$ cat start.txt   # compact mmCIF, C-alpha atoms
# COMPACT_ATOMS: atom_id res chain seq x y z
CA MET L 1 4.67 -7.01 -49.48
CA LYS L 2 1.31 -7.09 -47.73
CA VAL L 3 1.35 -7.18 -43.95
CA ALA L 4 -1.54 -7.67 -41.52
CA THR L 5 -1.14 -4.98 -38.86
CA LYS L 6 -2.79 -4.38 -35.52
CA ALA L 7 -3.15 -0.64 -36.08
CA LYS L 8 -4.05 -0.32 -39.74
CA GLY L 9 -5.25 -3.69 -40.96
CA LEU L 10 -3.71 -5.00 -44.16
CA ILE L 11 -1.12 -2.59 -45.52
CA GLU L 12 1.54 -2.60 -48.19
CA VAL L 13 5.10 -2.17 -46.96
CA ASP L 14 8.44 -2.14 -48.65
CA GLU L 15 10.88 -4.99 -48.05
CA ARG L 16 13.28 -2.33 -46.74
CA GLN L 17 10.96 -1.62 -43.81
CA LYS L 18 11.62 -5.08 -42.44
CA ILE L 19 13.66 -5.21 -39.22
CA THR L 20 14.97 -8.44 -37.73
CA PHE L 21 15.63 -8.82 -34.02
CA PRO L 22 17.79 -11.97 -33.83
CA HIS L 23 17.00 -12.36 -30.10
CA GLY L 24 13.48 -10.96 -30.26
CA LEU L 25 12.38 -8.52 -27.56
CA LEU L 26 12.35 -9.41 -23.88
CA GLY L 27 9.22 -11.44 -23.21
CA PHE L 28 8.72 -11.86 -26.98
CA GLU L 29 11.81 -13.90 -27.73
CA THR L 30 10.14 -16.08 -30.38
CA LEU L 31 9.09 -13.12 -32.54
CA LYS L 32 12.09 -12.03 -34.60
CA ASP L 33 10.72 -10.30 -37.69
CA TYR L 34 9.02 -6.93 -37.66
CA VAL L 35 8.17 -4.10 -40.01
CA LEU L 36 8.61 -0.45 -39.12
CA PHE L 37 6.12 2.08 -40.49
CA ASP L 38 4.83 5.56 -39.75
CA ALA L 39 2.07 5.89 -37.20
CA GLU L 40 -0.91 8.16 -37.93
CA SER L 41 0.55 10.86 -35.73
CA GLN L 42 4.11 12.07 -35.78
CA PRO L 43 6.69 11.41 -34.49
CA TYR L 44 5.66 7.85 -33.69
CA TYR L 45 6.29 4.65 -35.56
CA TRP L 46 4.74 1.23 -35.36
CA LEU L 47 6.94 -1.81 -34.98
CA GLN L 48 4.65 -4.59 -36.14
CA SER L 49 5.46 -8.27 -35.70
CA LEU L 50 5.32 -10.23 -38.96
CA ASP L 51 4.58 -13.44 -37.08
CA SER L 52 1.76 -12.23 -34.88
CA GLU L 53 -0.69 -9.60 -36.07
CA GLN L 54 -1.67 -8.76 -32.48
CA VAL L 55 1.89 -7.93 -31.42
CA ALA L 56 2.84 -4.38 -32.32
CA PHE L 57 4.74 -1.67 -30.48
CA ILE L 58 4.56 2.09 -30.72
CA ILE L 59 8.07 3.47 -30.75
CA ILE L 60 9.55 6.94 -30.59
CA ASN L 61 12.90 8.68 -30.76
CA PRO L 62 13.58 9.25 -27.03
CA PHE L 63 15.77 12.30 -27.65
CA LEU L 64 12.64 14.22 -28.72
CA PHE L 65 11.40 14.43 -25.14
CA ARG L 66 14.63 13.66 -23.25
CA PRO L 67 17.39 15.66 -24.94
CA ASP L 68 19.69 14.49 -22.12
CA PHE L 69 19.08 10.80 -22.83
CA GLU L 70 22.21 8.70 -23.13
CA ALA L 71 22.41 5.07 -24.13
CA ASN L 72 25.73 3.68 -23.02
CA ILE L 73 25.88 0.41 -24.93
CA ASP L 74 28.78 -1.97 -24.99
CA ASN L 75 30.46 -2.03 -28.42
CA GLU L 76 30.43 -5.84 -28.42
CA GLU L 77 26.65 -5.76 -28.19
CA LEU L 78 26.48 -3.34 -31.11
CA LYS L 79 28.79 -5.54 -33.15
CA ALA L 80 26.31 -8.41 -32.70
CA ILE L 81 23.94 -6.56 -35.02
CA GLY L 82 26.76 -5.37 -37.25
CA ILE L 83 27.14 -1.83 -35.94
CA ALA L 84 30.81 -0.86 -36.06
CA ASP L 85 30.15 2.88 -35.83
CA PRO L 86 27.79 3.77 -32.93
CA GLY L 87 26.77 6.87 -34.90
CA LYS L 88 24.97 4.60 -37.35
CA ALA L 89 22.67 3.20 -34.69
CA LEU L 90 19.05 4.27 -34.55
CA ILE L 91 17.72 4.43 -31.00
CA PHE L 92 14.05 4.03 -30.21
CA SER L 93 12.10 3.71 -27.05
CA ILE L 94 8.94 1.63 -26.70
CA VAL L 95 5.80 3.54 -25.75
CA THR L 96 3.07 2.25 -23.44
CA ILE L 97 -0.41 3.75 -23.60
CA PRO L 98 -2.23 2.31 -20.59
CA PRO L 99 -6.05 2.17 -20.31
CA SER L 100 -5.78 5.05 -17.86
CA GLY L 101 -2.88 7.23 -16.83
CA PRO L 102 -0.14 8.89 -18.79
CA MET L 103 1.54 7.59 -21.91
CA THR L 104 5.04 6.43 -20.98
CA ALA L 105 8.25 5.48 -22.71
CA ASN L 106 10.72 2.81 -21.66
CA LEU L 107 14.17 4.40 -21.55
CA GLN L 108 15.77 1.56 -19.59
CA GLY L 109 15.27 -0.97 -22.37
CA PRO L 110 15.70 0.95 -25.63
CA LEU L 111 15.78 -0.61 -29.09
CA VAL L 112 18.90 -0.21 -31.18
CA ILE L 113 18.55 -0.69 -34.92
CA ASN L 114 21.29 -0.96 -37.49
CA ARG L 115 20.07 1.30 -40.26
CA ASP L 116 22.07 -0.56 -42.93
CA SER L 117 21.56 -4.23 -42.06
CA ARG L 118 18.09 -3.57 -40.57
CA GLN L 119 18.83 -5.71 -37.57
CA GLY L 120 17.91 -4.69 -34.09
CA LEU L 121 18.18 -5.56 -30.45
CA GLN L 122 16.73 -4.49 -27.14
CA VAL L 123 19.43 -3.46 -24.71
CA ILE L 124 19.23 -2.98 -20.96
CA LEU L 125 20.87 0.15 -19.65
CA THR L 126 22.51 0.17 -16.25
CA ASP L 127 22.34 3.95 -15.74
CA GLN L 128 19.92 4.46 -12.85
CA ARG L 129 18.45 7.59 -14.46
CA TRP L 130 16.59 5.54 -17.05
CA LYS L 131 13.42 3.76 -15.99
CA THR L 132 10.83 1.63 -17.73
CA LYS L 133 8.13 4.31 -17.39
CA HIS L 134 8.91 7.92 -18.31
CA ASP L 135 5.88 10.20 -18.59
CA ILE L 136 6.35 11.51 -22.14
CA MET L 137 4.10 14.56 -21.82
CA ALA L 138 5.64 15.70 -18.53
CA GLU L 139 9.20 15.24 -19.75
CA LEU L 140 8.43 16.96 -23.04
CA GLN L 141 7.16 19.97 -21.10
CA THR L 142 10.31 19.96 -18.97
CA ALA L 143 12.46 19.76 -22.12
CA ASN L 144 10.56 22.60 -23.80
CA ALA L 145 10.79 24.77 -20.69
CA GLY L 146 14.56 24.12 -20.59
CA ALA L 147 14.93 24.99 -24.28
CA ARG L 148 13.15 28.32 -23.82
CA LYS L 149 15.45 29.46 -21.02
CA MET Q 1 21.04 -25.97 -9.61
CA LEU Q 2 24.25 -26.07 -7.64
CA ILE Q 3 23.73 -25.09 -4.03
CA LEU Q 4 26.74 -24.35 -1.88
CA SER Q 5 27.63 -22.37 1.17
CA ARG Q 6 30.26 -19.67 1.49
CA LYS Q 7 31.61 -17.44 4.24
CA ILE Q 8 32.45 -13.77 4.09
CA ASN Q 9 35.34 -12.97 1.72
CA GLU Q 10 35.07 -16.37 0.08
CA LYS Q 11 34.43 -16.60 -3.63
CA ILE Q 12 32.93 -18.82 -6.23
CA MET Q 13 34.32 -19.02 -9.74
CA ILE Q 14 32.07 -19.44 -12.78
CA GLY Q 15 34.20 -20.60 -15.67
CA ASP Q 16 37.67 -19.09 -15.91
CA ASP Q 17 36.89 -15.43 -15.76
CA ILE Q 18 33.84 -14.78 -13.61
CA SER Q 19 34.13 -14.62 -9.85
CA ILE Q 20 31.53 -13.76 -7.25
CA SER Q 21 32.67 -12.82 -3.78
CA ILE Q 22 30.65 -12.50 -0.60
CA ILE Q 23 31.45 -9.02 0.65
CA GLU Q 24 29.01 -8.53 3.49
CA ILE Q 25 26.19 -10.37 5.20
CA ARG Q 26 23.79 -8.32 7.26
CA GLY Q 27 20.45 -9.76 8.38
CA ASP Q 28 18.67 -11.05 5.28
CA GLN Q 29 20.87 -9.08 2.89
CA VAL Q 30 24.00 -10.28 1.18
CA ARG Q 31 26.32 -7.92 -0.64
CA LEU Q 32 28.05 -9.58 -3.55
CA GLY Q 33 30.96 -8.54 -5.68
CA VAL Q 34 30.77 -9.70 -9.27
CA ASP Q 35 33.95 -9.67 -11.29
CA ALA Q 36 33.27 -10.51 -14.92
CA PRO Q 37 34.52 -9.51 -18.38
CA LYS Q 38 32.74 -6.50 -19.82
CA LYS Q 39 30.98 -8.61 -22.43
CA VAL Q 40 29.19 -10.60 -19.72
CA LYS Q 41 26.02 -8.78 -18.78
CA VAL Q 42 25.18 -8.80 -15.11
CA PHE Q 43 21.77 -7.51 -14.02
CA ARG Q 44 19.47 -7.85 -11.09
CA GLN Q 45 16.66 -10.25 -12.00
CA GLU Q 46 14.12 -7.48 -11.30
CA VAL Q 47 15.51 -5.36 -14.13
CA PHE Q 48 14.88 -8.13 -16.65
CA ASP Q 49 11.43 -8.74 -15.21
CA ALA Q 50 10.56 -5.03 -15.31
CA ILE Q 51 11.50 -4.71 -18.98
CA LYS Q 52 9.61 -7.88 -19.89
CA ALA Q 53 6.54 -6.60 -18.05
CA GLU Q 54 6.85 -3.21 -19.74
CA ASN Q 55 7.11 -4.81 -23.20
CA LYS Q 56 3.96 -6.80 -22.44
CA ALA Q 57 2.15 -3.64 -21.28
CA ALA Q 58 3.35 -1.79 -24.38
CA ALA Q 59 2.02 -4.53 -26.66
CA GLU Q 60 -1.38 -4.06 -25.05
CA SER Q 61 -1.40 -0.30 -25.63
CA ALA Q 62 -4.35 1.45 -27.17
CA ILE Q 63 -3.83 1.86 -30.91
CA VAL Q 64 -4.91 5.49 -30.85
CA ILE Q 65 -1.93 7.65 -29.92
CA PRO Q 66 -2.59 10.88 -28.00
CA GLU Q 67 -1.51 13.98 -29.90
CA LEU Q 68 1.43 15.83 -28.38
CA ASP Q 69 3.27 18.74 -29.93
CA PHE Q 70 6.89 17.75 -30.25
CA GLY Q 71 7.59 20.82 -32.34
CA VAL Q 72 9.42 18.67 -34.88
CA LYS Q 73 8.69 16.81 -38.04
CA ARG Q 74 9.47 13.14 -38.24
CA GLU Q 75 13.00 12.73 -39.44
CA PRO Q 76 13.44 10.43 -42.43
CA LEU Q 77 15.00 7.09 -41.53
$ encode --input "start.txt" --output "structure tokens"
Amino acid sequence: MKVATKAKGLIEVDERQKITFPHGLLGFETLKDYVLFDAESQPYYWLQSLDSEQVAFIIINPFLFRPDFEANIDNEELKAIGIADPGKALIFSIVTIPPSGPMTANLQGPLVINRDSRQGLQVILTDQRWKTKHDIMAELQTANAGARK
Amino acid sequence: MLILSRKINEKIMIGDDISISIIEIRGDQVRLGVDAPKKVKVFRQEVFDAIKAENKAAAESAIVIPELDFGVKREPL
């Protein structure tokens, strides 16, 4: 199917790239249907709204720059999008690239996607370690320094 | 909105299984105890607002992503 995207204009995507968020994202509750596709640069993806061309999010696997990240999500919440086995859940964090200042990732409100049913939800973590703005470059450097030790 | 007044150690019940007790009152701060089933999510309003604001900021991000070396290839979904 053809999709109008914010980042790449009109592109062709597979039906299997469609992800539905039954409750939308916080602040974007009316937008439920998205497509997930590779961004120009790895390891990012675009999560593009199907209902509004101008609404698109850059997302990333948070474990890449925070190997110690933990998402403690209630099993009932996971069941709402059909995840019985937490190992099947894909976890992403939404990236913000501000006009000035560092690129950050939101670890407090990660996205959880059921790989099989392609349904997702945004959860809110209660662990005080995870904030809405984590400096990706700084934390990546910390992670790399730790890995070299 | 229901407005009511409570003293220290008094509670209000919401439905059958949620109770909120007034634990401490000090100046303009009130410490509350929330007793609710695990499936009921209880958050400070600010947490919701912060995530909403962050989603809005993220949606207004530049579309050009800075290059960073993650030392990994994108894993297939």
$ closest_atom_pairs --input "start.txt" --of "chain Q" --to "chain L" --cutoff "9 Å" --atoms "only C-alpha atoms" --output "Markdown table"
| residue | atom | partner | partner_atom | distance |
| --- | --- | --- | --- | --- |
| Q:Lys38 | CA | L:Asp74 | CA | 7.9 |
| Q:Lys39 | CA | L:Glu76 | CA | 6.6 |
| Q:Phe43 | CA | L:Thr126 | CA | 8.0 |
| Q:Val47 | CA | L:Ile124 | CA | 8.1 |
| Q:Phe48 | CA | L:Leu26 | CA | 7.8 |
| Q:Asp49 | CA | L:Gly27 | CA | 8.7 |
| Q:Ala50 | CA | L:Thr132 | CA | 7.1 |
| Q:Ile51 | CA | L:Gly109 | CA | 6.3 |
| Q:Lys52 | CA | L:Gly27 | CA | 4.9 |
| Q:Ala53 | CA | L:Gly27 | CA | 7.6 |
| Q:Glu54 | CA | L:Thr132 | CA | 6.6 |
| Q:Asn55 | CA | L:Gly27 | CA | 7.0 |
| Q:Lys56 | CA | L:Gly27 | CA | 7.1 |
| Q:Ala57 | CA | L:Thr96 | CA | 6.3 |
| Q:Ala58 | CA | L:Thr96 | CA | 4.2 |
| Q:Ala59 | CA | L:Phe57 | CA | 5.5 |
| Q:Glu60 | CA | L:Pro98 | CA | 7.8 |
| Q:Ser61 | CA | L:Ile97 | CA | 4.6 |
| Q:Ala62 | CA | L:Ile97 | CA | 5.8 |
| Q:Ile63 | CA | L:Ala7 | CA | 5.8 |
| Q:Val64 | CA | L:Ala7 | CA | 8.2 |
| Q:Ile65 | CA | L:Ser41 | CA | 7.1 |
| Q:Pro66 | CA | L:Met103 | CA | 8.1 |
| Q:Glu67 | CA | L:Ser41 | CA | 6.9 |
| Q:Leu68 | CA | L:Met137 | CA | 7.2 |
| Q:Asp69 | CA | L:Leu140 | CA | 8.8 |
| Q:Phe70 | CA | L:Leu64 | CA | 6.9 |
| Q:Val72 | CA | L:Pro43 | CA | 7.8 |
| Q:Lys73 | CA | L:Pro43 | CA | 6.8 |
| Q:Arg74 | CA | L:Pro43 | CA | 5.0 |
| Q:Glu75 | CA | L:Pro43 | CA | 8.1 |
| Q:Leu77 | CA | L:Arg115 | CA | 7.8 |
$ closest_residue --input "start.txt" --among "L:Thr5, L:Ala80, L:Arg129, L:Phe69" --to "L:Ser52" --atoms "all atoms listed in the file"
L:Thr5
$ atom_distance --input "start.txt" --atom1 "atom CA of Q:Asp17" --atom2 "atom CA of Q:Val40"
9.9 Å
$ atom_distance --input "start.txt" --atom1 "atom CA of L:Gly24" --atom2 "atom CA of L:Leu121"
7.2 Å
$ atom_distance --input "start.txt" --atom1 "atom CA of L:Glu29" --atom2 "atom CA of L:Gly87"
26.6 Å
$ axis_aligned_box --input "start.txt" --around "stretch 12-28 of chain Q" --padding-each-side "8 Å" --output "JSON"
{"center_x": 28.2, "center_y": -14.5, "center_z": -3.8, "size_x": 35.0, "size_y": 28.3, "size_z": 40.3}
$ residues_around --input "start.txt" --residues "Q:Glu24" --least-positions-apart "4" --cutoff "8 Å" --atoms "only C-alpha atoms" --output "MDAnalysis selection string"
chainID Q and resid 8:9 30:32
$ write_last_selection --input "start.txt" --atoms "C-alpha atoms" --output "PDB file, keeping the file's coordinate frame"
ATOM      1  CA  ILE Q   8      32.450 -13.770   4.090  1.00  0.00           C
ATOM      2  CA  ASN Q   9      35.340 -12.970   1.720  1.00  0.00           C
ATOM      3  CA  VAL Q  30      24.000 -10.280   1.180  1.00  0.00           C
ATOM      4  CA  ARG Q  31      26.320  -7.920  -0.640  1.00  0.00           C
ATOM      5  CA  LEU Q  32      28.050  -9.580  -3.550  1.00  0.00           C
TER       6      LEU Q  32
END
$ residues_around --input "start.txt" --residues "Q:Asp16" --least-positions-apart "4" --cutoff "12 Å" --atoms "all atoms listed in the file" --output "tab-separated table (two decimals) with C-alpha atoms, in the coordinates of the input"
chain	number	residue	atom	x	y	z
Q	12	ILE	CA	32.93	-18.82	-6.23
Q	20	ILE	CA	31.53	-13.76	-7.25
Q	35	ASP	CA	33.95	-9.67	-11.29
Q	36	ALA	CA	33.27	-10.51	-14.92
Q	37	PRO	CA	34.52	-9.51	-18.38
$ residues_around --input "start.txt" --residues "L:Ile81" --least-positions-apart "6" --cutoff "12 Å" --atoms "all atoms listed in the file" --output "list in words"
Ile19, Thr20, Phe21, Pro22, His23, Asn75, Lys88, Ala89, Leu90, Leu111, Val112, Ile113, Asn114, Arg115, Asp116, Ser117, Arg118, Gln119, Gly120, Leu121, Gln122 and Val123 of chain L
$ residues_around --input "start.txt" --residues "Q:Ser5" --least-positions-apart "5" --cutoff "12 Å" --atoms "all atoms listed in the file" --output "list in words"
Glu10, Lys11, Ile12, Ser21 and Ile22 of chain Q
$ closest_residue --input "start.txt" --among "L:Gly101, L:Pro62, L:Pro67, L:Pro86" --to "L:Ala143" --atoms "all atoms listed in the file"
L:Pro67
